[in-house]
>>> print(open('upload_13.pdb').read())   # PDB, N, CA and C atoms
ATOM      1  N   MET A   1       0.832  -1.179   0.000
ATOM      2  CA  MET A   1       0.000   0.000   0.000
ATOM      3  C   MET A   1       0.882   1.249   0.000
ATOM      4  N   ASP A   2       0.549   2.250  -0.830
ATOM      5  CA  ASP A   2       1.314   3.482  -0.900
ATOM      6  C   ASP A   2       0.981   4.390   0.279
ATOM      7  N   ALA A   3       1.819   5.400   0.455
ATOM      8  CA  ALA A   3       1.608   6.364   1.548
ATOM      9  C   ALA A   3       0.222   6.985   1.451
ATOM     10  N   ALA A   4      -0.200   7.601   2.526
ATOM     11  CA  ALA A   4      -1.565   8.120   2.631
ATOM     12  C   ALA A   4      -1.740   9.458   1.931
ATOM     13  N   HIS A   5      -1.480   9.506   0.630
ATOM     14  CA  HIS A   5      -1.777  10.698  -0.165
ATOM     15  C   HIS A   5      -1.970  10.275  -1.616
ATOM     16  N   ASP A   6      -2.690  11.093  -2.351
ATOM     17  CA  ASP A   6      -2.922  10.826  -3.761
ATOM     18  C   ASP A   6      -1.753  11.338  -4.580
ATOM     19  N   GLY A   7      -1.662  10.874  -5.809
ATOM     20  CA  GLY A   7      -0.642  11.368  -6.722
ATOM     21  C   GLY A   7       0.644  10.579  -6.652
ATOM     22  N   PRO A   8       1.675  11.083  -7.322
ATOM     23  CA  PRO A   8       2.946  10.358  -7.394
ATOM     24  C   PRO A   8       3.648  10.259  -6.042
ATOM     25  N   HIS A   9       4.463   9.247  -5.917
ATOM     26  CA  HIS A   9       5.283   9.010  -4.732
ATOM     27  C   HIS A   9       6.741   9.106  -5.152
ATOM     28  N   ALA A  10       7.647   9.263  -4.193
ATOM     29  CA  ALA A  10       9.055   9.422  -4.524
ATOM     30  C   ALA A  10       9.937   8.799  -3.453
ATOM     31  N   ASP A  11      11.144   8.427  -3.865
ATOM     32  CA  ASP A  11      12.145   7.917  -2.931
ATOM     33  C   ASP A  11      13.499   8.509  -3.313
ATOM     34  N   HIS A  12      14.228   8.963  -2.316
ATOM     35  CA  HIS A  12      15.534   9.599  -2.515
ATOM     36  C   HIS A  12      16.575   8.544  -2.869
ATOM     37  N   LEU A  13      17.353   8.799  -3.922
ATOM     38  CA  LEU A  13      18.386   7.863  -4.345
ATOM     39  C   LEU A  13      19.796   8.342  -4.022
ATOM     40  N   GLY A  14      20.017   9.665  -4.020
ATOM     41  CA  GLY A  14      21.357  10.160  -3.728
ATOM     42  C   GLY A  14      21.509  11.640  -4.014
ATOM     43  N   GLU A  15      22.695  12.138  -3.669
ATOM     44  CA  GLU A  15      23.014  13.554  -3.856
ATOM     45  C   GLU A  15      23.813  13.715  -5.143
ATOM     46  N   ILE A  16      23.465  14.718  -5.939
ATOM     47  CA  ILE A  16      24.269  15.072  -7.102
ATOM     48  C   ILE A  16      25.234  16.182  -6.695
ATOM     49  N   ASP A  17      24.698  17.206  -6.039
ATOM     50  CA  ASP A  17      25.489  18.270  -5.431
ATOM     51  C   ASP A  17      24.636  18.903  -4.340
ATOM     52  N   ARG A  18      25.081  20.020  -3.761
ATOM     53  CA  ARG A  18      24.338  20.626  -2.634
ATOM     54  C   ARG A  18      22.933  21.057  -3.017
ATOM     55  N   GLU A  19      22.729  21.423  -4.276
ATOM     56  CA  GLU A  19      21.436  21.939  -4.719
ATOM     57  C   GLU A  19      20.593  20.917  -5.474
ATOM     58  N   THR A  20      21.121  19.730  -5.708
ATOM     59  CA  THR A  20      20.411  18.762  -6.552
ATOM     60  C   THR A  20      20.481  17.357  -5.969
ATOM     61  N   GLN A  21      19.328  16.696  -5.917
ATOM     62  CA  GLN A  21      19.244  15.309  -5.452
ATOM     63  C   GLN A  21      18.625  14.462  -6.562
ATOM     64  N   LEU A  22      18.953  13.180  -6.577
ATOM     65  CA  LEU A  22      18.367  12.242  -7.532
ATOM     66  C   LEU A  22      17.258  11.470  -6.826
ATOM     67  N   TRP A  23      16.077  11.443  -7.445
ATOM     68  CA  TRP A  23      14.908  10.768  -6.898
ATOM     69  C   TRP A  23      14.294   9.863  -7.948
ATOM     70  N   VAL A  24      13.624   8.814  -7.510
ATOM     71  CA  VAL A  24      12.755   8.046  -8.398
ATOM     72  C   VAL A  24      11.324   8.398  -7.983
ATOM     73  N   GLN A  25      10.490   8.708  -8.969
ATOM     74  CA  GLN A  25       9.080   8.997  -8.710
ATOM     75  C   GLN A  25       8.242   7.948  -9.415
ATOM     76  N   TRP A  26       7.115   7.575  -8.792
ATOM     77  CA  TRP A  26       6.225   6.609  -9.419
ATOM     78  C   TRP A  26       4.776   6.959  -9.144
ATOM     79  N   ASP A  27       3.949   6.528 -10.058
ATOM     80  CA  ASP A  27       2.501   6.680  -9.940
ATOM     81  C   ASP A  27       1.926   5.415 -10.560
ATOM     82  N   GLY A  28       1.502   4.495  -9.738
ATOM     83  CA  GLY A  28       1.065   3.192 -10.232
ATOM     84  C   GLY A  28       2.263   2.414 -10.751
ATOM     85  N   ASP A  29       2.229   1.994 -12.011
ATOM     86  CA  ASP A  29       3.314   1.211 -12.603
ATOM     87  C   ASP A  29       4.288   2.067 -13.414
ATOM     88  N   GLU A  30       4.150   3.384 -13.377
ATOM     89  CA  GLU A  30       5.014   4.294 -14.131
ATOM     90  C   GLU A  30       6.101   4.852 -13.230
ATOM     91  N   TYR A  31       7.369   4.636 -13.605
ATOM     92  CA  TYR A  31       8.509   5.112 -12.827
ATOM     93  C   TYR A  31       9.348   6.058 -13.679
ATOM     94  N   ARG A  32       9.956   7.072 -13.026
ATOM     95  CA  ARG A  32      10.890   7.942 -13.732
ATOM     96  C   ARG A  32      11.913   8.477 -12.743
ATOM     97  N   PHE A  33      13.117   8.741 -13.241
ATOM     98  CA  PHE A  33      14.185   9.303 -12.438
ATOM     99  C   PHE A  33      14.212  10.808 -12.668
ATOM    100  N   VAL A  34      14.295  11.584 -11.570
ATOM    101  CA  VAL A  34      14.260  13.040 -11.669
ATOM    102  C   VAL A  34      15.321  13.668 -10.764
ATOM    103  N   ARG A  35      15.787  14.841 -11.177
ATOM    104  CA  ARG A  35      16.694  15.645 -10.351
ATOM    105  C   ARG A  35      15.866  16.748  -9.725
ATOM    106  N   LEU A  36      15.904  16.843  -8.398
ATOM    107  CA  LEU A  36      15.091  17.816  -7.670
ATOM    108  C   LEU A  36      15.940  18.522  -6.620
ATOM    109  N   ALA A  37      15.577  19.761  -6.330
ATOM    110  CA  ALA A  37      16.235  20.502  -5.249
ATOM    111  C   ALA A  37      15.685  20.001  -3.917
ATOM    112  N   PRO A  38      16.496  20.016  -2.862
ATOM    113  CA  PRO A  38      16.000  19.619  -1.541
ATOM    114  C   PRO A  38      14.998  20.620  -0.993
ATOM    115  N   CYS A  39      14.181  20.173  -0.070
ATOM    116  CA  CYS A  39      13.233  21.053   0.614
ATOM    117  C   CYS A  39      14.019  22.088   1.412
ATOM    118  N   GLU A  40      13.594  23.328   1.328
ATOM    119  CA  GLU A  40      14.299  24.409   2.014
ATOM    120  C   GLU A  40      13.583  24.882   3.271
ATOM    121  N   ALA A  41      12.648  24.073   3.781
ATOM    122  CA  ALA A  41      11.930  24.453   5.002
ATOM    123  C   ALA A  41      12.919  24.543   6.166
ATOM    124  N   PRO A  42      12.727  25.520   7.038
ATOM    125  CA  PRO A  42      13.600  25.606   8.220
ATOM    126  C   PRO A  42      13.493  24.327   9.048
ATOM    127  N   ALA A  43      14.615  23.895   9.568
ATOM    128  CA  ALA A  43      14.638  22.677  10.378
ATOM    129  C   ALA A  43      13.803  22.863  11.641
ATOM    130  N   GLU A  44      13.101  21.805  12.022
ATOM    131  CA  GLU A  44      12.317  21.816  13.259
ATOM    132  C   GLU A  44      13.006  20.897  14.248
ATOM    133  N   ASP A  45      13.328  21.415  15.420
ATOM    134  CA  ASP A  45      14.050  20.639  16.433
ATOM    135  C   ASP A  45      15.353  20.076  15.871
ATOM    136  N   ASP A  46      16.077  20.904  15.101
ATOM    137  CA  ASP A  46      17.351  20.501  14.482
ATOM    138  C   ASP A  46      17.203  19.312  13.540
ATOM    139  N   ASP A  47      16.027  19.108  12.992
ATOM    140  CA  ASP A  47      15.756  17.990  12.094
ATOM    141  C   ASP A  47      15.282  18.555  10.752
ATOM    142  N   ALA A  48      16.168  18.674   9.782
ATOM    143  CA  ALA A  48      15.821  19.217   8.473
ATOM    144  C   ALA A  48      14.907  18.250   7.725
ATOM    145  N   CYS A  49      14.057  18.790   6.865
ATOM    146  CA  CYS A  49      13.184  17.964   6.048
ATOM    147  C   CYS A  49      14.032  17.190   5.038
ATOM    148  N   THR A  50      13.779  15.924   4.893
ATOM    149  CA  THR A  50      14.556  15.067   3.995
ATOM    150  C   THR A  50      13.865  14.860   2.649
ATOM    151  N   LEU A  51      12.829  15.639   2.355
ATOM    152  CA  LEU A  51      12.101  15.511   1.093
ATOM    153  C   LEU A  51      12.569  16.573   0.101
ATOM    154  N   PHE A  52      12.048  16.524  -1.099
ATOM    155  CA  PHE A  52      12.416  17.488  -2.145
ATOM    156  C   PHE A  52      11.550  18.741  -2.041
ATOM    157  N   GLY A  53      12.025  19.833  -2.617
ATOM    158  CA  GLY A  53      11.297  21.088  -2.613
ATOM    159  C   GLY A  53       9.960  20.958  -3.322
ATOM    160  N   GLY A  54       8.915  21.549  -2.749
ATOM    161  CA  GLY A  54       7.583  21.516  -3.338
ATOM    162  C   GLY A  54       6.810  20.235  -3.088
ATOM    163  N   HIS A  55       7.282  19.403  -2.177
ATOM    164  CA  HIS A  55       6.623  18.119  -1.887
ATOM    165  C   HIS A  55       5.293  18.317  -1.180
ATOM    166  N   GLU A  56       4.487  17.292  -1.180
ATOM    167  CA  GLU A  56       3.237  17.236  -0.409
ATOM    168  C   GLU A  56       3.216  15.913   0.319
ATOM    169  N   PRO A  57       2.511  15.681   1.358
ATOM    170  CA  PRO A  57       1.558  16.532   2.040
ATOM    171  C   PRO A  57       2.165  17.330   3.172
ATOM    172  N   GLY A  58       3.298  16.919   3.758
ATOM    173  CA  GLY A  58       3.922  17.628   4.873
ATOM    174  C   GLY A  58       5.410  17.340   4.887
ATOM    175  N   HIS A  59       6.113  17.912   5.856
ATOM    176  CA  HIS A  59       7.556  17.692   5.952
ATOM    177  C   HIS A  59       7.848  16.335   6.590
ATOM    178  N   SER A  60       9.059  15.844   6.362
ATOM    179  CA  SER A  60       9.419  14.497   6.826
ATOM    180  C   SER A  60       9.220  14.326   8.322
ATOM    181  N   TRP A  61       9.492  15.368   9.108
ATOM    182  CA  TRP A  61       9.314  15.223  10.563
ATOM    183  C   TRP A  61       7.841  15.104  10.947
ATOM    184  N   GLU A  62       6.927  15.542  10.090
ATOM    185  CA  GLU A  62       5.494  15.413  10.374
ATOM    186  C   GLU A  62       4.983  14.005  10.082
ATOM    187  N   MET A  63       5.736  13.254   9.320
ATOM    188  CA  MET A  63       5.307  11.904   8.936
ATOM    189  C   MET A  63       6.037  10.817   9.699
ATOM    190  N   ARG A  64       6.930  11.202  10.556
ATOM    191  CA  ARG A  64       7.774  10.239  11.276
ATOM    192  C   ARG A  64       6.967   9.229  12.088
ATOM    193  N   ASP A  65       5.896   9.663  12.714
ATOM    194  CA  ASP A  65       5.156   8.789  13.608
ATOM    195  C   ASP A  65       3.888   8.206  12.983
ATOM    196  N   LEU A  66       3.752   8.337  11.660
ATOM    197  CA  LEU A  66       2.562   7.772  11.005
ATOM    198  C   LEU A  66       2.653   6.253  11.002
ATOM    199  N   PRO A  67       1.548   5.570  11.220
ATOM    200  CA  PRO A  67       1.570   4.102  11.163
ATOM    201  C   PRO A  67       1.808   3.629   9.731
ATOM    202  N   HIS A  68       2.579   2.576   9.582
ATOM    203  CA  HIS A  68       2.828   1.977   8.279
ATOM    204  C   HIS A  68       1.910   0.769   8.130
ATOM    205  N   GLY A  69       1.314   0.632   6.954
ATOM    206  CA  GLY A  69       0.386  -0.474   6.829
ATOM    207  C   GLY A  69       0.400  -1.174   5.590
TER     208      GLY A  69
END
>>> encode(input="upload_13.pdb", output="structure tokens")
Amino acid sequence: MDAAHDGPHADHLGEIDRETQLWVQWDGDEYRFVRLAPCEAPAEDDDACTLFGGHEPGHSWEMRDLPHG
């Protein structure tokens, strides 16, 4: 089961440089590799967001305690 949001999903693959990360995005059976800038949200409790810029639905620290199913 995919995460609790509609639309494409993504997983971080690695760093290209400070401003660019490599991600794989998928929506159903369609996969593509993309270069995206990291999220620039201010860190909360010294914990920077580990997602890409413009992501939805929330920052990585907001999803930390969500149940996996």
>>> closest_residue(input="upload_13.pdb", among="A:His59, A:Ala43, A:Gly54, A:Pro38", to="Arg18 (chain A)", atoms="all atoms listed in the file")
A:Pro38
>>> closest_residue(input="upload_13.pdb", among="A:Gly14, A:Gln21, A:Cys49, A:Glu56", to="Leu36 (chain A)", atoms="only C-alpha atoms")
A:Gln21
>>> axis_aligned_box(input="upload_13.pdb", around="region 36-47 of chain A", padding_each_side="3 Å", output="AutoDock Vina command-line options")
--center_x 14.6 --center_y 21.2 --center_z 4.0 --size_x 11.4 --size_y 14.8 --size_z 30.8
>>> atom_distance(input="upload_13.pdb", atom1="CA of Cys39 (chain A)", atom2="CA of Pro8 (chain A)")
16.9 Å
>>> resolve_selection(input="upload_13.pdb", expression="the PyMOL selection byres (((chain A and resi 35 and name CA) around 8) and name CA)", output="list in words")
Thr20, Gln21, Leu22, Trp23, Phe33, Val34, Leu36 and Ala37 of chain A
>>> atom_distance(input="upload_13.pdb", atom1="atom C of His9 (chain A)", atom2="atom C of Gln25 (chain A)")
4.7 Å
